[in-house]
Number of protein chains: 2
Amino acid sequence: MSQPRFRNWQAIQDEVLRRIHARDWPPGHVIPNEVDLAAEFGCARATVNRALRALAEAGMLERRRKAGTRVALHPVSRATVDIPVIRQEIEDRGQSYTYRMFSRKIARPPVSIQARLCPDSPVDCLHVTALHLASGVAYVFEDRWINLATVPAAANQNFDTISANEWLLATVPYTHGDISFTAEAAAGAEADLLGTARGAPVFVIDRTTWDHDRAITTVRLSYAPGYRIRTSVGTPVSV
Amino acid sequence: MSQPRFRNWQAIQDEVLRRIHARDWPPGHVIPNEVDLAAEFGCARATVNRALRALAEAGMLERRRKAGTRVALHPVSRATVDIPVIRQEIEDRGQSYTYRMFSRKIARPPVSIQARLCPDSPVDCLHVTALHLASGVAYVFEDRWINLATVPAAANQNFDTISANEWLLATVPYTHGDISFTAEAAAGAEADLLGTARGAPVFVIDRTTWDHDRAITTVRLSYAPGYRIRTSVGTPVSV
């Protein structure tokens, strides 16, 4: 008897990928259902399901409840980015973490911030700016507004020893958030604090988080030069 | 009879999140198994599984085959970034796509590129530079090296009408890739092509892809000012 060709889900994934790339199954093609594929490959349906799920997560297949599974019309590279607490990110690099708060005041936010935190009617917010350092060197500048209508307890926090970043993650649950990455020119005070020239390129993360429909906070994190987000793309490797 | 409190997996997810944030289940705490939770919540085990899986994908729980499920010691915000073919990305913005190739030559790559494509011994590679335009305006500059030992067919491609980005994705399967995001200062020729000042901040994506252990290509994509990657974080919203 010959060895079965499809011993595991990775072997099935490779075969499905081969058919996609050979255009046996072109973009938009509805592929056979799991039961038929399991019969063809001589394996359990769960094994086929595992392979198709991995390919769908990687963006190669589109699974539709009723219309079946088809080859993606426009396959994308799908990358997962993990964004830890800043203290943790610095300690994971083997560096020591320190934190310096610069300002803290309650105020009506500017219109651009209101649009994110309180689009219906302006409310008082807590504005905190702070620098996070890695082994004594500026790592990221935090410019944050906290919605006091959603998080009244923030008004009682000094944020001089624990950062707003860490306090919020530890105490205020959020359901979802918007996040974006850009390259921007370092503005005056920000450039000075980050130890870079004014106008130098800085990597910026903008993030706004909500608890259901109530906005919690919006933050602009600008990283000192050299910051790099690393991740990976593609289907799982079968070796 | 009262309404059941946990009608669906989202309600269970909210309750698990509440316990985590209330420190009923502190970081590192091993939570009850699915069977016990299903009994407590009065629902099917599959419903509990769905809720725990969503929380694990969001980085709030860590699931271990034998040790059970525990609250993450260092919860992270986990974001998924989709990176489509450049033509598709531009057309998805409702803009027209054009492409202009600048250079194409076969050469031994510099050491920094060899380290990615052929670390064991140098091989000939195809070096292609090109500009992708959105409605006639510079969008992203592509600086790519293709490993001809892995992709010999690339030597026969002109890349004057179809970009290397699109040709590779359509014809050369990759198993996995490394990707990184940085902010960099626009260098001379790159700045001119992108229509920005030299030294202006540009968003850069570096990507290297492999077919199993054979490197296919490495590319540096530098985007014209204003480029922003948008995504979302957090657990799915239950409204």
# chains A, B, ... in the order shown; residues from 1 in each chain; ligands from 1
>>> closest_atom_pairs(of="chain A", to="chain B", cutoff="6 Å", atoms="only C-alpha atoms", output="JSON lines")
{"residue": "A:Val76", "atom": "CA", "partner": "B:Pro84", "partner_atom": "CA", "distance": 4.3}
{"residue": "A:Ser77", "atom": "CA", "partner": "B:Ile83", "partner_atom": "CA", "distance": 4.8}
{"residue": "A:Arg78", "atom": "CA", "partner": "B:Asp82", "partner_atom": "CA", "distance": 4.5}
{"residue": "A:Ala79", "atom": "CA", "partner": "B:Val81", "partner_atom": "CA", "distance": 5.1}
{"residue": "A:Thr80", "atom": "CA", "partner": "B:Thr80", "partner_atom": "CA", "distance": 4.5}
{"residue": "A:Val81", "atom": "CA", "partner": "B:Ala79", "partner_atom": "CA", "distance": 5.1}
{"residue": "A:Asp82", "atom": "CA", "partner": "B:Arg78", "partner_atom": "CA", "distance": 4.5}
{"residue": "A:Ile83", "atom": "CA", "partner": "B:Ser77", "partner_atom": "CA", "distance": 4.8}
{"residue": "A:Pro84", "atom": "CA", "partner": "B:Val76", "partner_atom": "CA", "distance": 4.3}
{"residue": "A:Thr175", "atom": "CA", "partner": "B:Thr235", "partner_atom": "CA", "distance": 5.6}
{"residue": "A:His176", "atom": "CA", "partner": "B:Gly234", "partner_atom": "CA", "distance": 4.4}
{"residue": "A:Gly177", "atom": "CA", "partner": "B:Val233", "partner_atom": "CA", "distance": 5.0}
{"residue": "A:Asp178", "atom": "CA", "partner": "B:Ser232", "partner_atom": "CA", "distance": 4.4}
{"residue": "A:Ile179", "atom": "CA", "partner": "B:Thr231", "partner_atom": "CA", "distance": 5.3}
{"residue": "A:Ser180", "atom": "CA", "partner": "B:Arg230", "partner_atom": "CA", "distance": 4.3}
{"residue": "A:Phe181", "atom": "CA", "partner": "B:Ile229", "partner_atom": "CA", "distance": 5.2}
{"residue": "A:Thr182", "atom": "CA", "partner": "B:Arg228", "partner_atom": "CA", "distance": 5.0}
{"residue": "A:Ala183", "atom": "CA", "partner": "B:Ala183", "partner_atom": "CA", "distance": 4.9}
{"residue": "A:Glu184", "atom": "CA", "partner": "B:Pro201", "partner_atom": "CA", "distance": 5.6}
{"residue": "A:Ala185", "atom": "CA", "partner": "B:Pro201", "partner_atom": "CA", "distance": 5.8}
{"residue": "A:Pro201", "atom": "CA", "partner": "B:Pro201", "partner_atom": "CA", "distance": 4.4}
{"residue": "A:Val202", "atom": "CA", "partner": "B:Ala183", "partner_atom": "CA", "distance": 5.7}
{"residue": "A:Phe203", "atom": "CA", "partner": "B:Ala183", "partner_atom": "CA", "distance": 5.0}
{"residue": "A:Arg228", "atom": "CA", "partner": "B:Thr182", "partner_atom": "CA", "distance": 5.0}
{"residue": "A:Ile229", "atom": "CA", "partner": "B:Phe181", "partner_atom": "CA", "distance": 5.2}
{"residue": "A:Arg230", "atom": "CA", "partner": "B:Ser180", "partner_atom": "CA", "distance": 4.3}
{"residue": "A:Thr231", "atom": "CA", "partner": "B:Ile179", "partner_atom": "CA", "distance": 5.3}
{"residue": "A:Ser232", "atom": "CA", "partner": "B:Asp178", "partner_atom": "CA", "distance": 4.5}
{"residue": "A:Val233", "atom": "CA", "partner": "B:Gly177", "partner_atom": "CA", "distance": 5.0}
{"residue": "A:Gly234", "atom": "CA", "partner": "B:His176", "partner_atom": "CA", "distance": 4.4}
{"residue": "A:Thr235", "atom": "CA", "partner": "B:Thr175", "partner_atom": "CA", "distance": 5.6}
{"residue": "A:Val237", "atom": "CA", "partner": "B:Thr175", "partner_atom": "CA", "distance": 5.6}
>>> write_last_selection(atoms="N, CA and C atoms", output="mmCIF file, in the first residue's frame")
data_model
loop_
_atom_site.group_PDB
_atom_site.id
_atom_site.type_symbol
_atom_site.label_atom_id
_atom_site.label_comp_id
_atom_site.auth_asym_id
_atom_site.auth_seq_id
_atom_site.Cartn_x
_atom_site.Cartn_y
_atom_site.Cartn_z
ATOM 1 N N VAL A 76 -4.982 39.139 0.056
ATOM 2 C CA VAL A 76 -4.214 40.145 0.772
ATOM 3 C C VAL A 76 -3.193 39.448 1.661
ATOM 4 N N SER A 77 -2.144 40.180 1.992
ATOM 5 C CA SER A 77 -1.242 39.720 3.035
ATOM 6 C C SER A 77 -1.833 40.200 4.354
ATOM 7 N N ARG A 78 -2.093 39.293 5.255
ATOM 8 C CA ARG A 78 -2.721 39.664 6.517
ATOM 9 C C ARG A 78 -1.716 39.499 7.644
ATOM 10 N N ALA A 79 -1.399 40.588 8.305
ATOM 11 C CA ALA A 79 -0.410 40.562 9.378
ATOM 12 C C ALA A 79 -1.086 40.884 10.700
ATOM 13 N N THR A 80 -0.628 40.249 11.761
ATOM 14 C CA THR A 80 -1.138 40.526 13.094
ATOM 15 C C THR A 80 -0.096 41.312 13.868
ATOM 16 N N VAL A 81 -0.515 42.433 14.440
ATOM 17 C CA VAL A 81 0.400 43.284 15.192
ATOM 18 C C VAL A 81 -0.029 43.283 16.659
ATOM 19 N N ASP A 82 0.876 42.925 17.551
ATOM 20 C CA ASP A 82 0.588 42.956 18.991
ATOM 21 C C ASP A 82 1.113 44.252 19.583
ATOM 22 N N ILE A 83 0.258 44.955 20.307
ATOM 23 C CA ILE A 83 0.669 46.223 20.909
ATOM 24 C C ILE A 83 0.558 46.098 22.426
ATOM 25 N N PRO A 84 1.678 45.820 23.105
ATOM 26 C CA PRO A 84 1.616 45.624 24.556
ATOM 27 C C PRO A 84 1.583 46.964 25.290
ATOM 28 N N THR A 175 -14.066 47.699 24.807
ATOM 29 C CA THR A 175 -14.594 46.657 23.922
ATOM 30 C C THR A 175 -13.892 46.668 22.572
ATOM 31 N N HIS A 176 -13.504 47.862 22.084
ATOM 32 C CA HIS A 176 -12.885 47.925 20.768
ATOM 33 C C HIS A 176 -12.161 49.249 20.597
ATOM 34 N N GLY A 177 -11.357 49.311 19.581
ATOM 35 C CA GLY A 177 -10.602 50.528 19.343
ATOM 36 C C GLY A 177 -10.245 50.697 17.881
ATOM 37 N N ASP A 178 -10.026 51.963 17.498
ATOM 38 C CA ASP A 178 -9.479 52.287 16.174
ATOM 39 C C ASP A 178 -8.010 52.581 16.363
ATOM 40 N N ILE A 179 -7.200 52.150 15.410
ATOM 41 C CA ILE A 179 -5.779 52.405 15.531
ATOM 42 C C ILE A 179 -5.238 52.733 14.153
ATOM 43 N N SER A 180 -4.258 53.635 14.102
ATOM 44 C CA SER A 180 -3.623 53.895 12.817
ATOM 45 C C SER A 180 -2.147 54.191 13.011
ATOM 46 N N PHE A 181 -1.391 53.911 11.941
ATOM 47 C CA PHE A 181 0.058 54.107 11.927
ATOM 48 C C PHE A 181 0.398 55.124 10.846
ATOM 49 N N THR A 182 1.222 56.102 11.185
ATOM 50 C CA THR A 182 1.680 57.064 10.180
ATOM 51 C C THR A 182 3.130 57.442 10.448
ATOM 52 N N ALA A 183 3.730 58.097 9.468
ATOM 53 C CA ALA A 183 5.030 58.744 9.635
ATOM 54 C C ALA A 183 4.782 60.236 9.642
ATOM 55 N N GLU A 184 5.281 60.937 10.663
ATOM 56 C CA GLU A 184 5.044 62.369 10.742
ATOM 57 C C GLU A 184 6.341 63.094 11.066
ATOM 58 N N ALA A 185 6.349 64.392 10.829
ATOM 59 C CA ALA A 185 7.506 65.208 11.172
ATOM 60 C C ALA A 185 7.393 65.609 12.641
ATOM 61 N N PRO A 201 11.674 62.427 10.977
ATOM 62 C CA PRO A 201 10.551 61.481 10.867
ATOM 63 C C PRO A 201 10.334 60.719 12.166
ATOM 64 N N VAL A 202 9.085 60.718 12.644
ATOM 65 C CA VAL A 202 8.733 59.906 13.814
ATOM 66 C C VAL A 202 7.577 58.983 13.445
ATOM 67 N N PHE A 203 7.611 57.782 14.002
ATOM 68 C CA PHE A 203 6.531 56.814 13.807
ATOM 69 C C PHE A 203 5.440 57.153 14.816
ATOM 70 N N ARG A 228 10.546 50.471 15.107
ATOM 71 C CA ARG A 228 10.127 49.595 14.023
ATOM 72 C C ARG A 228 9.125 48.587 14.562
ATOM 73 N N ILE A 229 7.991 48.443 13.891
ATOM 74 C CA ILE A 229 7.033 47.390 14.237
ATOM 75 C C ILE A 229 7.324 46.210 13.336
ATOM 76 N N ARG A 230 7.591 45.053 13.942
ATOM 77 C CA ARG A 230 7.892 43.851 13.167
ATOM 78 C C ARG A 230 6.755 42.852 13.307
ATOM 79 N N THR A 231 6.412 42.193 12.208
ATOM 80 C CA THR A 231 5.405 41.149 12.280
ATOM 81 C C THR A 231 5.640 40.188 11.118
ATOM 82 N N SER A 232 4.694 39.311 10.888
ATOM 83 C CA SER A 232 4.868 38.339 9.814
ATOM 84 C C SER A 232 3.562 38.202 9.053
ATOM 85 N N VAL A 233 3.657 37.707 7.830
ATOM 86 C CA VAL A 233 2.476 37.521 6.991
ATOM 87 C C VAL A 233 2.474 36.113 6.426
ATOM 88 N N GLY A 234 1.320 35.754 5.875
ATOM 89 C CA GLY A 234 1.265 34.526 5.085
ATOM 90 C C GLY A 234 0.618 33.376 5.804
ATOM 91 N N THR A 235 0.499 32.303 5.062
ATOM 92 C CA THR A 235 -0.084 31.089 5.607
ATOM 93 C C THR A 235 0.940 30.445 6.540
ATOM 94 N N VAL A 237 3.604 28.061 7.961
ATOM 95 C CA VAL A 237 4.581 27.273 7.217
ATOM 96 C C VAL A 237 4.464 25.809 7.606
#
>>> residues_around(residues="Gln114 of chain B", least_positions_apart="3", cutoff="10 Å", atoms="only C-alpha atoms", output="list in words")
Arg108, Pro109, Pro110, Val111, Leu117, Cys118, Pro119, Asp120, Ser121, Pro122, Val123, Asp124, Cys125, Trp145, Asn147 and Thr218 of chain B
>>> residues_around(residues="segment 30-41 of chain B", least_positions_apart="5", cutoff="10 Å", atoms="only C-alpha atoms", output="list in words")
Pro4, Arg5, Phe6, Arg7, Ala11, Ile12, Glu15, Val16, Ile20, Trp25, Ala46, Thr47, Val48, Asn49, Leu52, Leu61, Glu62, Arg63, Ala67, Gly68, Thr69, Arg70, Val71 and Ala72 of chain B
>>> write_last_selection(atoms="C-alpha atoms", output="CSV table (one decimal), in the first residue's frame")
chain,number,residue,atom,x,y,z
B,4,PRO,CA,-31.4,33.9,31.2
B,5,ARG,CA,-28.5,36.3,31.7
B,6,PHE,CA,-26.3,34.6,29.2
B,7,ARG,CA,-28.2,34.3,26.0
B,11,ALA,CA,-22.9,38.0,26.8
B,12,ILE,CA,-20.5,35.4,28.2
B,15,GLU,CA,-19.1,38.6,31.8
B,16,VAL,CA,-15.6,37.1,31.5
B,20,ILE,CA,-11.0,40.0,34.6
B,25,TRP,CA,-9.9,36.6,37.9
B,46,ALA,CA,-19.8,25.4,22.3
B,47,THR,CA,-21.1,28.9,23.3
B,48,VAL,CA,-18.5,29.2,26.1
B,49,ASN,CA,-15.8,28.0,23.7
B,52,LEU,CA,-13.2,32.2,25.2
B,61,LEU,CA,-6.7,34.9,27.7
B,62,GLU,CA,-4.0,32.4,27.1
B,63,ARG,CA,-5.2,28.9,26.1
B,67,ALA,CA,-2.6,23.7,31.6
B,68,GLY,CA,-6.0,25.1,30.8
B,69,THR,CA,-7.0,28.7,30.1
B,70,ARG,CA,-5.6,31.5,32.1
B,71,VAL,CA,-5.9,35.3,32.2
B,72,ALA,CA,-3.1,36.8,30.2
>>> closest_residue(among="A:Ala115, A:Met101, A:Ile106, A:Val140", to="Leu221 of chain A", atoms="only C-alpha atoms")
A:Val140
>>> closest_residue(among="B:Phe159, B:Tyr97, B:Phe102, B:Trp167", to="Val137 of chain B", atoms="only C-alpha atoms")
B:Tyr97
>>> residues_around(residues="Asp143 of chain B", least_positions_apart="2", cutoff="8 Å", atoms="only C-alpha atoms", output="ChimeraX atom specification")
/B:127-130,141,145,219-221
>>> select_by_dssp(residues="segment 34-64 of chain B", states="strand (DSSP E)", output="PyMOL selection string")
chain B and resi 61-64
>>> atom_distance(atom1="atom CA of Ala191 of chain B", atom2="atom CA of Ala138 of chain B")
10.5 Å
>>> atom_distance(atom1="atom CA of Ala51 of chain A", atom2="atom CA of Arg45 of chain B")
23.8 Å
>>> atom_distance(atom1="atom CA of Val151 of chain B", atom2="atom CA of Ile216 of chain B")
6.7 Å
>>> select_by_dssp(residues="segment 71-145 of chain A", states="helix (DSSP H, G or I)", output="MDAnalysis selection string")
chainID A and resid 86:92 111:117
>>> write_last_selection(atoms="C-alpha atoms", output="PDB file, in the first residue's frame")
ATOM      1  CA  ILE A  86       4.548  50.421  26.903  1.00  0.00           C
ATOM      2  CA  ARG A  87       6.322  49.366  30.122  1.00  0.00           C
ATOM      3  CA  GLN A  88       6.057  45.733  29.050  1.00  0.00           C
ATOM      4  CA  GLU A  89       7.310  46.486  25.534  1.00  0.00           C
ATOM      5  CA  ILE A  90      10.422  48.193  26.952  1.00  0.00           C
ATOM      6  CA  GLU A  91      11.077  45.462  29.528  1.00  0.00           C
ATOM      7  CA  ASP A  92      10.660  42.796  26.818  1.00  0.00           C
ATOM      8  CA  VAL A 111     -12.435  70.138  18.121  1.00  0.00           C
ATOM      9  CA  SER A 112     -10.276  67.394  16.537  1.00  0.00           C
ATOM     10  CA  ILE A 113     -10.277  65.514  19.866  1.00  0.00           C
ATOM     11  CA  GLN A 114     -13.970  66.213  20.538  1.00  0.00           C
ATOM     12  CA  ALA A 115     -14.748  64.555  17.200  1.00  0.00           C
ATOM     13  CA  ARG A 116     -13.301  61.328  18.591  1.00  0.00           C
ATOM     14  CA  LEU A 117     -14.312  61.460  22.278  1.00  0.00           C
TER      15      LEU A 117
END
>>> closest_residue(among="B:Thr217, B:Lys105, B:Glu166, B:Ala44", to="Thr150 of chain B", atoms="only C-alpha atoms")
B:Thr217
>>> closest_residue(among="B:Met60, B:Arg93, B:Arg65, B:Arg53", to="Tyr139 of chain B", atoms="only C-alpha atoms")
B:Arg93
